[in-house]
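Student: structure-v5.cif (mmCIF, C-alpha atoms) pasted underneath:
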```cif
data_upload
#
loop_
_atom_site.label_atom_id
_atom_site.label_comp_id
_atom_site.auth_asym_id
_atom_site.auth_seq_id
_atom_site.Cartn_x
_atom_site.Cartn_y
_atom_site.Cartn_z
CA MET I 126 -19.57 -85.55 -28.18
CA LYS I 127 -16.37 -83.49 -27.81
CA LEU I 128 -17.26 -81.45 -30.88
CA LYS I 129 -20.67 -80.69 -29.40
CA ARG I 130 -19.09 -79.62 -26.12
CA ASP I 131 -16.54 -77.43 -27.93
CA PHE I 132 -19.25 -75.86 -30.03
CA LEU I 133 -21.26 -75.16 -26.88
CA ILE I 134 -18.26 -73.46 -25.20
CA CYS I 135 -17.73 -71.26 -28.30
CA ALA I 136 -21.41 -70.37 -28.47
CA ILE I 137 -21.53 -69.49 -24.75
CA ILE I 138 -18.43 -67.26 -24.99
CA ILE I 139 -19.74 -65.45 -28.09
CA ILE I 140 -23.23 -65.00 -26.60
CA ILE I 141 -21.81 -63.64 -23.34
CA ILE I 142 -19.58 -61.15 -25.20
CA ILE I 143 -22.42 -59.98 -27.47
CA PHE I 144 -24.78 -59.72 -24.51
CA LEU I 145 -22.23 -57.73 -22.50
CA ASP I 146 -21.60 -55.45 -25.47
CA ILE I 147 -25.29 -54.71 -25.90
CA ILE I 148 -25.75 -53.98 -22.18
CA ILE I 149 -22.64 -51.78 -22.03
CA ASN I 150 -23.54 -49.81 -25.16
CA ASP I 151 -27.08 -49.32 -23.95
CA HIS I 152 -25.81 -48.10 -20.58
CA PHE I 153 -23.31 -45.82 -22.30
CA GLU I 154 -25.88 -44.22 -24.57
CA ARG I 155 -28.43 -43.69 -21.82
CA GLU I 156 -25.96 -42.10 -19.44
CA MET I 157 -24.31 -40.04 -22.16
CA ASN I 158 -27.66 -38.60 -23.26
CA VAL I 159 -28.42 -37.56 -19.71
CA MET I 160 -25.02 -35.91 -19.31
CA GLN I 161 -25.06 -34.23 -22.72
CA ASN I 162 -28.44 -32.72 -21.78
CA ASN I 163 -26.99 -31.60 -18.44
CA ILE I 164 -24.08 -29.94 -20.24
CA SER I 165 -26.33 -28.20 -22.79
CA ASP I 166 -28.57 -26.84 -20.01
CA LEU I 167 -25.54 -25.71 -18.07
CA GLN I 168 -24.02 -24.08 -21.14
CA GLU I 169 -27.24 -22.12 -21.81
CA LEU I 170 -27.42 -21.06 -18.19
CA VAL I 171 -23.80 -19.90 -18.09
CA GLU I 172 -24.13 -18.01 -21.39
CA GLU I 173 -27.12 -16.15 -19.97
CA ASN I 174 -25.03 -15.34 -16.87
CA GLY I 175 -27.23 -17.46 -14.64
CA ASN I 176 -26.21 -19.47 -11.59
CA GLY I 177 -25.06 -22.89 -12.71
CA LYS I 178 -24.12 -24.27 -9.29
CA GLU I 179 -27.10 -26.57 -8.99
CA LYS I 180 -26.77 -27.82 -12.56
CA VAL I 181 -23.07 -28.55 -12.20
CA GLU I 182 -23.75 -30.51 -9.01
CA GLU I 183 -26.35 -32.55 -10.89
CA LEU I 184 -23.89 -33.15 -13.73
CA LYS I 185 -21.17 -34.17 -11.27
CA LYS I 186 -23.53 -36.59 -9.52
CA ASN I 187 -24.53 -38.17 -12.83
CA TRP I 188 -20.89 -38.42 -13.85
CA GLU I 189 -19.84 -40.09 -10.59
CA ARG I 190 -22.59 -42.69 -11.00
CA PHE I 191 -21.48 -43.37 -14.59
CA ASP I 192 -17.75 -43.32 -13.75
CA PHE I 193 -18.19 -46.02 -11.08
CA ILE I 194 -19.55 -48.51 -13.62
CA ALA I 195 -17.65 -47.29 -16.71
CA ALA I 196 -14.31 -47.95 -14.98
CA TYR I 197 -14.95 -51.68 -15.55
CA TYR I 198 -14.89 -51.33 -19.32
CA THR I 199 -13.32 -47.98 -20.29
CA GLU I 200 -9.70 -46.89 -20.05
CA HIS I 201 -9.27 -45.11 -16.75
CA ASN I 202 -7.26 -42.21 -18.18
CA GLU I 203 -10.19 -41.27 -20.45
CA LEU I 204 -12.47 -41.12 -17.42
CA GLU I 205 -9.90 -39.15 -15.44
CA LYS I 206 -9.77 -36.51 -18.19
CA VAL I 207 -13.52 -35.99 -17.88
CA SER I 208 -13.33 -35.84 -14.07
CA LEU I 209 -10.60 -33.21 -14.32
CA LYS I 210 -12.58 -31.04 -16.77
CA LEU I 211 -15.67 -31.36 -14.63
CA ASN I 212 -13.77 -30.13 -11.59
CA LEU I 213 -12.48 -27.17 -13.63
CA VAL I 214 -16.03 -26.33 -14.74
CA LYS I 215 -17.23 -26.47 -11.14
CA LYS I 216 -14.42 -24.26 -9.88
CA ASN I 217 -14.90 -21.69 -12.66
CA ILE I 218 -18.62 -21.48 -11.95
CA GLU I 219 -17.85 -20.92 -8.27
CA ILE I 220 -15.51 -18.00 -9.02
CA GLY I 221 -17.77 -16.68 -11.79
CA LYS I 222 -15.45 -17.10 -14.77
CA ASN I 223 -18.18 -17.82 -17.29
CA ASP I 224 -16.06 -17.55 -20.46
CA MET I 225 -13.68 -20.22 -19.19
CA THR I 226 -16.62 -22.38 -18.10
CA VAL I 227 -18.05 -22.38 -21.62
CA GLU I 228 -14.67 -23.43 -22.99
CA TYR I 229 -14.36 -26.29 -20.52
CA LEU I 230 -17.93 -27.37 -21.18
CA GLU I 231 -17.13 -27.65 -24.88
CA GLU I 232 -14.09 -29.79 -24.06
CA LEU I 233 -16.23 -31.89 -21.75
CA LYS I 234 -18.75 -32.46 -24.53
CA PHE I 235 -15.99 -33.54 -26.86
CA LEU I 236 -14.46 -35.93 -24.31
CA LEU I 237 -17.80 -37.56 -23.53
CA ASN I 238 -18.51 -37.96 -27.25
CA HIS I 239 -15.07 -39.44 -27.74
CA ILE I 240 -15.58 -42.01 -24.96
CA CYS I 241 -18.96 -42.91 -26.42
CA GLU I 242 -17.73 -43.15 -30.01
CA LYS I 243 -14.48 -45.03 -29.46
CA ASP I 244 -16.14 -48.24 -28.26
CA LYS I 245 -18.91 -48.27 -30.85
CA LEU I 246 -19.02 -51.09 -33.36
CA SER I 247 -17.95 -49.39 -36.58
CA LEU I 248 -15.51 -49.96 -39.44
CA LYS I 249 -13.54 -46.90 -38.39
CA ASN I 250 -12.99 -48.36 -34.93
CA ILE I 251 -12.21 -51.85 -36.21
CA PHE I 252 -9.43 -50.61 -38.47
CA MET U 34 0.37 -53.31 -4.93
CA LEU U 35 -2.41 -55.61 -3.72
CA LEU U 36 -4.42 -54.56 -6.74
CA VAL U 37 -1.70 -55.72 -9.12
CA LEU U 38 -1.48 -59.02 -7.23
CA ILE U 39 -5.25 -59.59 -7.46
CA ARG U 40 -5.27 -58.74 -11.18
CA THR U 41 -2.35 -61.11 -11.72
CA LEU U 42 -4.17 -63.93 -9.92
CA VAL U 43 -7.37 -63.39 -11.91
CA LEU U 44 -5.52 -63.34 -15.25
CA TYR U 45 -3.31 -66.27 -14.28
CA ILE U 46 -6.34 -68.41 -13.46
CA LEU U 47 -7.95 -67.40 -16.76
CA VAL U 48 -4.80 -68.14 -18.81
CA LEU U 49 -4.40 -71.47 -16.99
CA PHE U 50 -8.01 -72.36 -17.82
CA VAL U 51 -7.57 -71.31 -21.46
CA MET U 52 -4.26 -73.17 -21.92
CA ARG U 53 -5.82 -76.24 -20.31
CA GLY U 54 -8.71 -75.96 -22.76
CA MET U 55 -6.25 -75.80 -25.63
CA GLY U 56 -4.87 -79.26 -24.92
CA LYS U 57 -1.72 -80.90 -23.69
CA ARG U 58 0.81 -80.34 -26.42
CA GLU U 59 4.31 -79.07 -25.80
CA ILE U 60 5.39 -75.85 -27.49
CA SER U 61 7.60 -77.76 -29.94
CA GLN U 62 4.63 -79.91 -30.99
CA MET U 63 2.23 -77.04 -31.55
CA GLN U 64 0.70 -76.30 -34.90
CA PRO U 65 1.41 -72.77 -36.27
CA TYR U 66 -2.04 -71.46 -35.28
CA GLU U 67 -1.65 -72.86 -31.76
CA LEU U 68 1.73 -71.23 -31.31
CA ALA U 69 0.38 -67.88 -32.56
CA ILE U 70 -2.52 -68.04 -30.10
CA SER U 71 -0.25 -68.99 -27.17
CA ILE U 72 2.11 -66.06 -27.83
CA MET U 73 -0.80 -63.64 -28.17
CA ILE U 74 -2.43 -64.87 -24.97
CA ALA U 75 0.77 -64.30 -22.98
CA ASP U 76 1.05 -60.75 -24.30
CA LEU U 77 -2.63 -59.93 -23.79
CA ALA U 78 -2.52 -61.11 -20.19
CA ALA U 79 0.63 -59.17 -19.36
CA THR U 80 -0.66 -55.72 -20.31
CA PRO U 81 -3.69 -55.36 -17.99
CA MET U 82 -1.77 -57.23 -15.29
CA ALA U 83 0.66 -54.38 -14.71
CA GLU U 84 -1.24 -51.41 -16.19
CA LEU U 85 -3.78 -50.38 -13.58
CA GLY U 86 -5.31 -47.82 -15.97
CA ILE U 87 -6.53 -50.56 -18.29
CA PRO U 88 -9.70 -52.38 -17.24
CA ILE U 89 -9.06 -56.07 -16.67
CA ILE U 90 -11.84 -56.86 -19.13
CA TYR U 91 -9.52 -55.61 -21.92
CA GLY U 92 -7.41 -58.67 -21.14
CA ILE U 93 -10.23 -61.11 -20.46
CA ILE U 94 -12.31 -60.53 -23.62
CA PRO U 95 -9.45 -60.93 -26.15
CA ILE U 96 -8.20 -64.05 -24.35
CA LEU U 97 -11.68 -65.58 -24.47
CA GLY U 98 -11.88 -64.51 -28.13
CA LEU U 99 -8.64 -66.34 -28.87
CA LEU U 100 -9.88 -69.42 -27.03
CA THR U 101 -13.03 -69.35 -29.17
CA MET U 102 -10.95 -69.04 -32.34
CA HIS U 103 -8.73 -71.89 -31.22
CA ILE U 104 -11.72 -74.15 -30.56
CA LEU U 105 -13.30 -73.22 -33.90
CA ILE U 106 -10.09 -73.83 -35.87
CA SER U 107 -9.59 -77.15 -34.07
CA MET U 108 -13.16 -78.13 -34.96
CA ILE U 109 -12.56 -77.20 -38.61
CA ASN U 110 -9.32 -79.20 -38.54
CA MET U 111 -11.24 -82.25 -37.36
CA LYS U 112 -13.93 -81.91 -39.99
CA SER U 113 -12.19 -80.73 -43.17
CA LEU U 114 -9.02 -82.20 -44.62
CA ARG U 115 -8.56 -79.34 -47.12
CA LEU U 116 -8.81 -76.65 -44.44
CA ARG U 117 -6.56 -78.70 -42.19
CA GLN U 118 -3.91 -78.70 -44.90
CA PHE U 119 -4.41 -74.98 -45.44
CA ILE U 120 -4.17 -74.07 -41.74
CA CYS U 121 -1.57 -76.58 -40.54
CA GLY U 122 0.27 -77.28 -43.78
CA LYS U 123 1.36 -80.68 -45.08
CA PRO U 124 4.30 -82.82 -43.98
CA THR U 125 7.28 -82.53 -46.35
CA ILE U 126 9.45 -85.46 -47.29
CA LEU U 127 13.06 -84.30 -47.00
CA ILE U 128 14.69 -87.66 -47.70
CA TYR U 129 12.86 -89.98 -50.08
CA ARG U 130 14.07 -93.57 -50.51
CA GLY U 131 17.51 -92.64 -49.21
CA LYS U 132 17.92 -89.57 -51.47
CA ILE U 133 17.86 -85.99 -50.18
CA ASP U 134 15.17 -83.93 -51.89
CA GLU U 135 16.91 -80.63 -52.57
CA ASN U 136 13.74 -78.88 -53.70
CA ALA U 137 11.98 -79.84 -50.47
CA LEU U 138 14.91 -78.50 -48.44
CA LYS U 139 14.81 -75.19 -50.34
CA LYS U 140 11.05 -74.94 -49.96
CA GLU U 141 11.30 -75.41 -46.20
CA ASN U 142 14.45 -73.23 -45.84
CA ILE U 143 16.42 -76.06 -44.30
CA THR U 144 20.14 -76.35 -44.93
CA ILE U 145 22.01 -79.64 -45.20
CA ASN U 146 23.66 -78.88 -41.85
CA GLU U 147 20.29 -78.34 -40.22
CA LEU U 148 19.01 -81.58 -41.71
CA GLN U 149 21.99 -83.46 -40.31
CA GLU U 150 21.43 -81.79 -36.95
CA ARG U 151 17.79 -82.91 -36.95
CA LEU U 152 18.80 -86.45 -37.90
CA ARG U 153 21.33 -86.56 -35.08
CA GLY U 154 18.51 -85.40 -32.79
CA ASN U 155 16.73 -88.59 -33.87
CA ASN U 156 19.79 -90.70 -32.97
CA VAL U 157 20.81 -91.10 -36.61
CA ALA U 158 24.45 -90.16 -37.09
CA ASN U 159 24.84 -91.40 -40.66
CA ILE U 160 22.58 -89.94 -43.31
CA SER U 161 23.02 -93.07 -45.45
CA ASP U 162 21.04 -95.03 -42.81
CA VAL U 163 17.90 -93.03 -43.55
CA GLU U 164 15.20 -94.30 -45.88
CA TYR U 165 12.75 -91.46 -45.23
CA ALA U 166 12.95 -88.18 -43.28
CA ILE U 167 9.70 -86.28 -42.97
CA LEU U 168 9.31 -82.73 -41.74
CA GLU U 169 6.02 -82.79 -39.81
CA THR U 170 3.60 -79.86 -39.63
CA SER U 171 4.70 -79.24 -36.02
CA GLY U 172 8.29 -78.70 -37.26
CA GLN U 173 9.64 -82.01 -35.93
CA VAL U 174 11.52 -84.40 -38.20
CA THR U 175 10.44 -88.05 -38.24
CA VAL U 176 13.08 -90.49 -39.40
CA VAL U 177 12.41 -93.91 -40.93
CA PRO U 178 15.69 -95.87 -41.09
CA LYS U 179 16.56 -98.30 -43.88
CA PRO U 180 15.28 -101.84 -43.14
CA GLU U 181 18.78 -103.22 -42.51
CA LYS U 182 19.46 -100.42 -40.01
CA ARG U 183 16.29 -100.79 -37.98
CA LEU U 184 16.42 -102.18 -34.45
CA VAL U 185 15.70 -105.86 -34.13
CA THR U 186 12.23 -106.61 -32.80
CA LEU U 187 10.90 -109.73 -31.09
CA GLU U 188 8.86 -110.37 -34.22
CA ASP U 189 12.08 -110.47 -36.29
CA LEU U 190 13.38 -113.17 -33.93
CA ASN U 191 10.07 -115.08 -33.95
CA ILE U 192 9.74 -114.74 -30.19
CA GLU U 193 6.27 -114.43 -28.72
CA ALA U 194 6.02 -111.60 -26.24
CA LYS U 195 4.25 -112.07 -22.93
CA TYR U 196 1.50 -109.50 -22.26
CA GLN U 197 2.76 -106.87 -19.88
CA GLY U 198 0.06 -104.22 -19.72
CA ILE U 199 0.72 -101.15 -17.65
CA PRO U 200 1.41 -101.04 -13.94
CA TYR U 201 -1.35 -99.54 -11.84
CA GLU U 202 -0.59 -97.12 -9.03
CA LEU U 203 -2.44 -98.30 -5.95
CA VAL U 204 -0.97 -95.87 -3.41
CA ILE U 205 0.65 -92.49 -4.05
CA ASP U 206 2.00 -90.54 -1.07
CA GLY U 207 -0.08 -92.65 1.32
CA ILE U 208 -3.31 -91.99 -0.59
CA ILE U 209 -5.18 -95.11 -1.70
CA MET U 210 -6.20 -95.02 -5.39
CA ASP U 211 -9.63 -96.67 -5.05
CA ASN U 212 -10.33 -96.30 -8.80
CA ASN U 213 -7.24 -98.30 -9.75
CA LEU U 214 -8.03 -100.95 -7.14
CA ARG U 215 -11.47 -101.35 -8.70
CA LYS U 216 -9.93 -101.53 -12.21
CA ILE U 217 -7.81 -104.56 -11.25
CA GLY U 218 -10.75 -106.13 -9.42
CA LYS U 219 -9.24 -105.89 -5.94
CA ASN U 220 -10.14 -104.08 -2.75
CA TYR U 221 -8.52 -102.38 0.23
CA LYS U 222 -8.56 -105.60 2.25
CA TRP U 223 -6.44 -107.35 -0.38
CA LEU U 224 -4.06 -104.37 -0.61
CA LYS U 225 -3.63 -104.24 3.17
CA LYS U 226 -2.90 -107.97 3.33
CA GLU U 227 -0.33 -107.75 0.54
CA ILE U 228 1.44 -104.69 1.94
CA GLU U 229 1.54 -106.04 5.48
CA LYS U 230 3.93 -108.64 4.05
CA PHE U 231 6.38 -105.74 3.62
CA GLY U 232 5.89 -104.84 7.27
CA TYR U 233 3.80 -101.66 7.05
CA LYS U 234 0.34 -100.35 6.20
CA PRO U 235 -0.70 -99.06 2.73
CA GLU U 236 -1.14 -95.55 4.23
CA GLU U 237 2.54 -95.52 5.17
CA ALA U 238 3.69 -96.17 1.60
CA LEU U 239 5.23 -93.61 -0.74
CA LEU U 240 4.31 -95.64 -3.82
CA ILE U 241 2.71 -98.99 -4.46
CA THR U 242 2.21 -100.32 -7.97
CA VAL U 243 1.10 -103.65 -9.37
CA ASP U 244 1.74 -104.90 -12.90
CA ALA U 245 -0.34 -107.21 -15.11
CA ASN U 246 1.52 -110.26 -13.74
CA GLY U 247 0.64 -109.34 -10.17
CA ASN U 248 4.15 -108.19 -9.20
CA ILE U 249 3.96 -105.54 -6.51
CA PHE U 250 6.41 -102.68 -6.10
CA ALA U 251 6.16 -100.97 -2.72
CA GLN U 252 8.27 -98.32 -1.01
CA LYS U 253 7.67 -96.90 2.45
CA LYS U 254 7.64 -93.17 3.06
CA GLY U 255 10.78 -91.70 4.61
CA VAL U 256 13.08 -94.59 3.61
CA LYS U 257 16.55 -93.38 2.59
#
```
So, in terms of structure tokens, how does the structure I just supplied come out?
Tutor:
Amino acid sequence: MKLKRDFLICAIIIIIIIFLDIIINDHFEREMNVMQNNISDLQELVEENGNGKEKVEELKKNWERFDFIAAYYTEHNELEKVSLKLNLVKKNIEIGKNDMTVEYLEELKFLLNHICEKDKLSLKNIF
Amino acid sequence: MLLVLIRTLVLYILVLFVMRGMGKREISQMQPYELAISIMIADLAATPMAELGIPIIYGIIPILGLLTMHILISMINMKSLRLRQFICGKPTILIYRGKIDENALKKENITINELQERLRGNNVANISDVEYAILETSGQVTVVPKPEKRLVTLEDLNIEAKYQGIPYELVIDGIIMDNNLRKIGKNYKWLKKEIEKFGYKPEEALLITVDANGNIFAQKKGVK
């Protein structure tokens, strides 16, 4: 009887963790795809000397939505780095410094990729 | 500040729940795997408690993982003798039939002084009184004295012992223990009648117990 109960507790804990992991990873990937697309569009626009104000607002909005939930399961300093870069991108677009914007967008891409990759289930991350 | 307090409360409740789930053993009686898990749990809980930059889930998930491992290892221990011996080790006989086993002492890294210390901890001052000394898997030493040095029992004296049982607590801090009353086949009415002989009500008592022979111990609250 006790063994059965213990086994049930173990099974529930493992199922909950696996279930949470699947939900979190799915959420991560979906949101990251949206933001990576936003960044690529913005990068193209900036390189062609277009006005990226609307796009950066959209990216910021998407980021804020993601950041609110990601704070529950990602180290806060990683998220703060992205927020900081995003603010720099926004400011540089406002003052028209396109070369700097492209640089920051590249950094932003890297940071988002890093956040996405570091929690993935892989041998590299396990060891 | 309030955030740290809330995180501490959440993690404390979790650790309390996990430690409760792990059983009631004292630290000195823990098996090696239990001790390892307890130390790790304390460390895992401390980090997200004070570091606000780390999500609390980084503390919760590993602690739950350790609880799972603990339950699984305990289950294996119950089911398989071989794995039990592998995980917990085997008891080692340090003194066998009154002779110290030097090899066993070397194997367990125990010096003669330590052995004597452990024996004294078991109320054995003279090593020549010991028939067997066994180092248990929990690290405690069990001592079996020589027959002539053992304490005299009623059986040795051919005296028949009267059954004593255990005393039941009927009132603690003025609260009536209905379960215990039912176990001894009595009710509140009986309790009230018996306690009124002491000059107060059961609710006014600090402690009331009754043993298997029906002897009642009662003490009123606030009596100095």
Student: Report as a list in words the set of chain I residues whose atoms approach chain U to within 8 Å, with distances computed over all atoms listed in the file.
Tutor: Leu128, Asp131, Phe132, Ile134, Cys135, Ile138, Ile139, Ile142, Ala196, Tyr197, Tyr198, Thr199, Glu200, His201 and Asn202 of chain I
Student: Take the PyMOL selection byres ((chain I and resi 206) around 12), run it mentally on this structure, and tell me the resulting residues as a PyMOL selection string.
Tutor: chain I and resi 192+200-205+207-213+229+232-237+239-240
Student: On this structure, the PyMOL selection byres ((chain U and resi 73) around 12) would catch which residues? List them as an MDAnalysis selection string, sorted by chain and number.
Tutor: chainID U and resid 48 52 66:72 74:80 92 95:100 103
Student: Of the candidates I:Ile148, I:Ile218, I:Leu248, I:Met157, which one gets nearest to Leu170 of chain I if we count only C-alpha atoms?
Tutor: I:Ile218
Student: Pull out every residue that the PyMOL selection byres ((chain U and resi 132) around 12) matches in the shown coordinates and put them as a CSV table (one decimal) with C-alpha atoms, in the coordinates of the input.
Tutor:
```
chain,number,residue,atom,x,y,z
U,126,ILE,CA,9.4,-85.5,-47.3
U,127,LEU,CA,13.1,-84.3,-47.0
U,128,ILE,CA,14.7,-87.7,-47.7
U,129,TYR,CA,12.9,-90.0,-50.1
U,130,ARG,CA,14.1,-93.6,-50.5
U,131,GLY,CA,17.5,-92.6,-49.2
U,133,ILE,CA,17.9,-86.0,-50.2
U,134,ASP,CA,15.2,-83.9,-51.9
U,135,GLU,CA,16.9,-80.6,-52.6
U,136,ASN,CA,13.7,-78.9,-53.7
U,137,ALA,CA,12.0,-79.8,-50.5
U,138,LEU,CA,14.9,-78.5,-48.4
U,160,ILE,CA,22.6,-89.9,-43.3
U,161,SER,CA,23.0,-93.1,-45.4
U,162,ASP,CA,21.0,-95.0,-42.8
U,163,VAL,CA,17.9,-93.0,-43.6
U,164,GLU,CA,15.2,-94.3,-45.9
U,165,TYR,CA,12.8,-91.5,-45.2
U,166,ALA,CA,13.0,-88.2,-43.3
U,179,LYS,CA,16.6,-98.3,-43.9
```
Student: Tell me, as a list in words, which residues lie within 12 Å of Glu169 of chain I, counting only C-alpha atoms; anything in the same chain fewer than 4 positions away does not count.
Tutor: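 Selected residues are Asn162, Asn163, Ile164, Ser165, Glu173, Asn174, Gly175, Asn176, Gly177, Lys180, Asn223, Thr226, Val227, Leu230 and Glu231 of chain I.
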Student: Would you compute the distance between atom CA of Leu145 of chain I and atom CA of Lys185 of chain I? Give it in Å to one decimal.
Tutor: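 Atom CA of Leu145 of chain I sits 26.1 Å away from atom CA of Lys185 of chain I.
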Student: Can you work out which one of I:Phe153, I:Glu228, I:Val159, I:Phe193 has the shortest atom-to-atom distance to Lys243 of chain I, counting only C-alpha atoms?
Tutor: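 Ranking I:Phe153, I:Glu228, I:Val159, I:Phe193 by distance to Lys243 of chain I, first place goes to I:Phe153.
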Student: For each of U:Leu148, U:Leu187, U:Leu35, U:Ala83, take the minimum atom-to-atom distance to Val174 of chain U, counting all atoms listed in the file, then give the residue where this is smallest.
Tutor: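 Using all atoms listed in the file, the shortest distance to Val174 of chain U belongs to U:Leu148.
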Student: Take every atom of segment 193-203 of chain I listed in the file, fit an axis-aligned box around them, add 4 Å per side, and give the centre and edge lengths in Å to one decimal as lines of an AutoDock Vina configuration file.
Tutor:
```
center_x = -13.4
center_y = -46.5
center_z = -15.8
size_x = 20.3
size_y = 18.4
size_z = 17.4
```
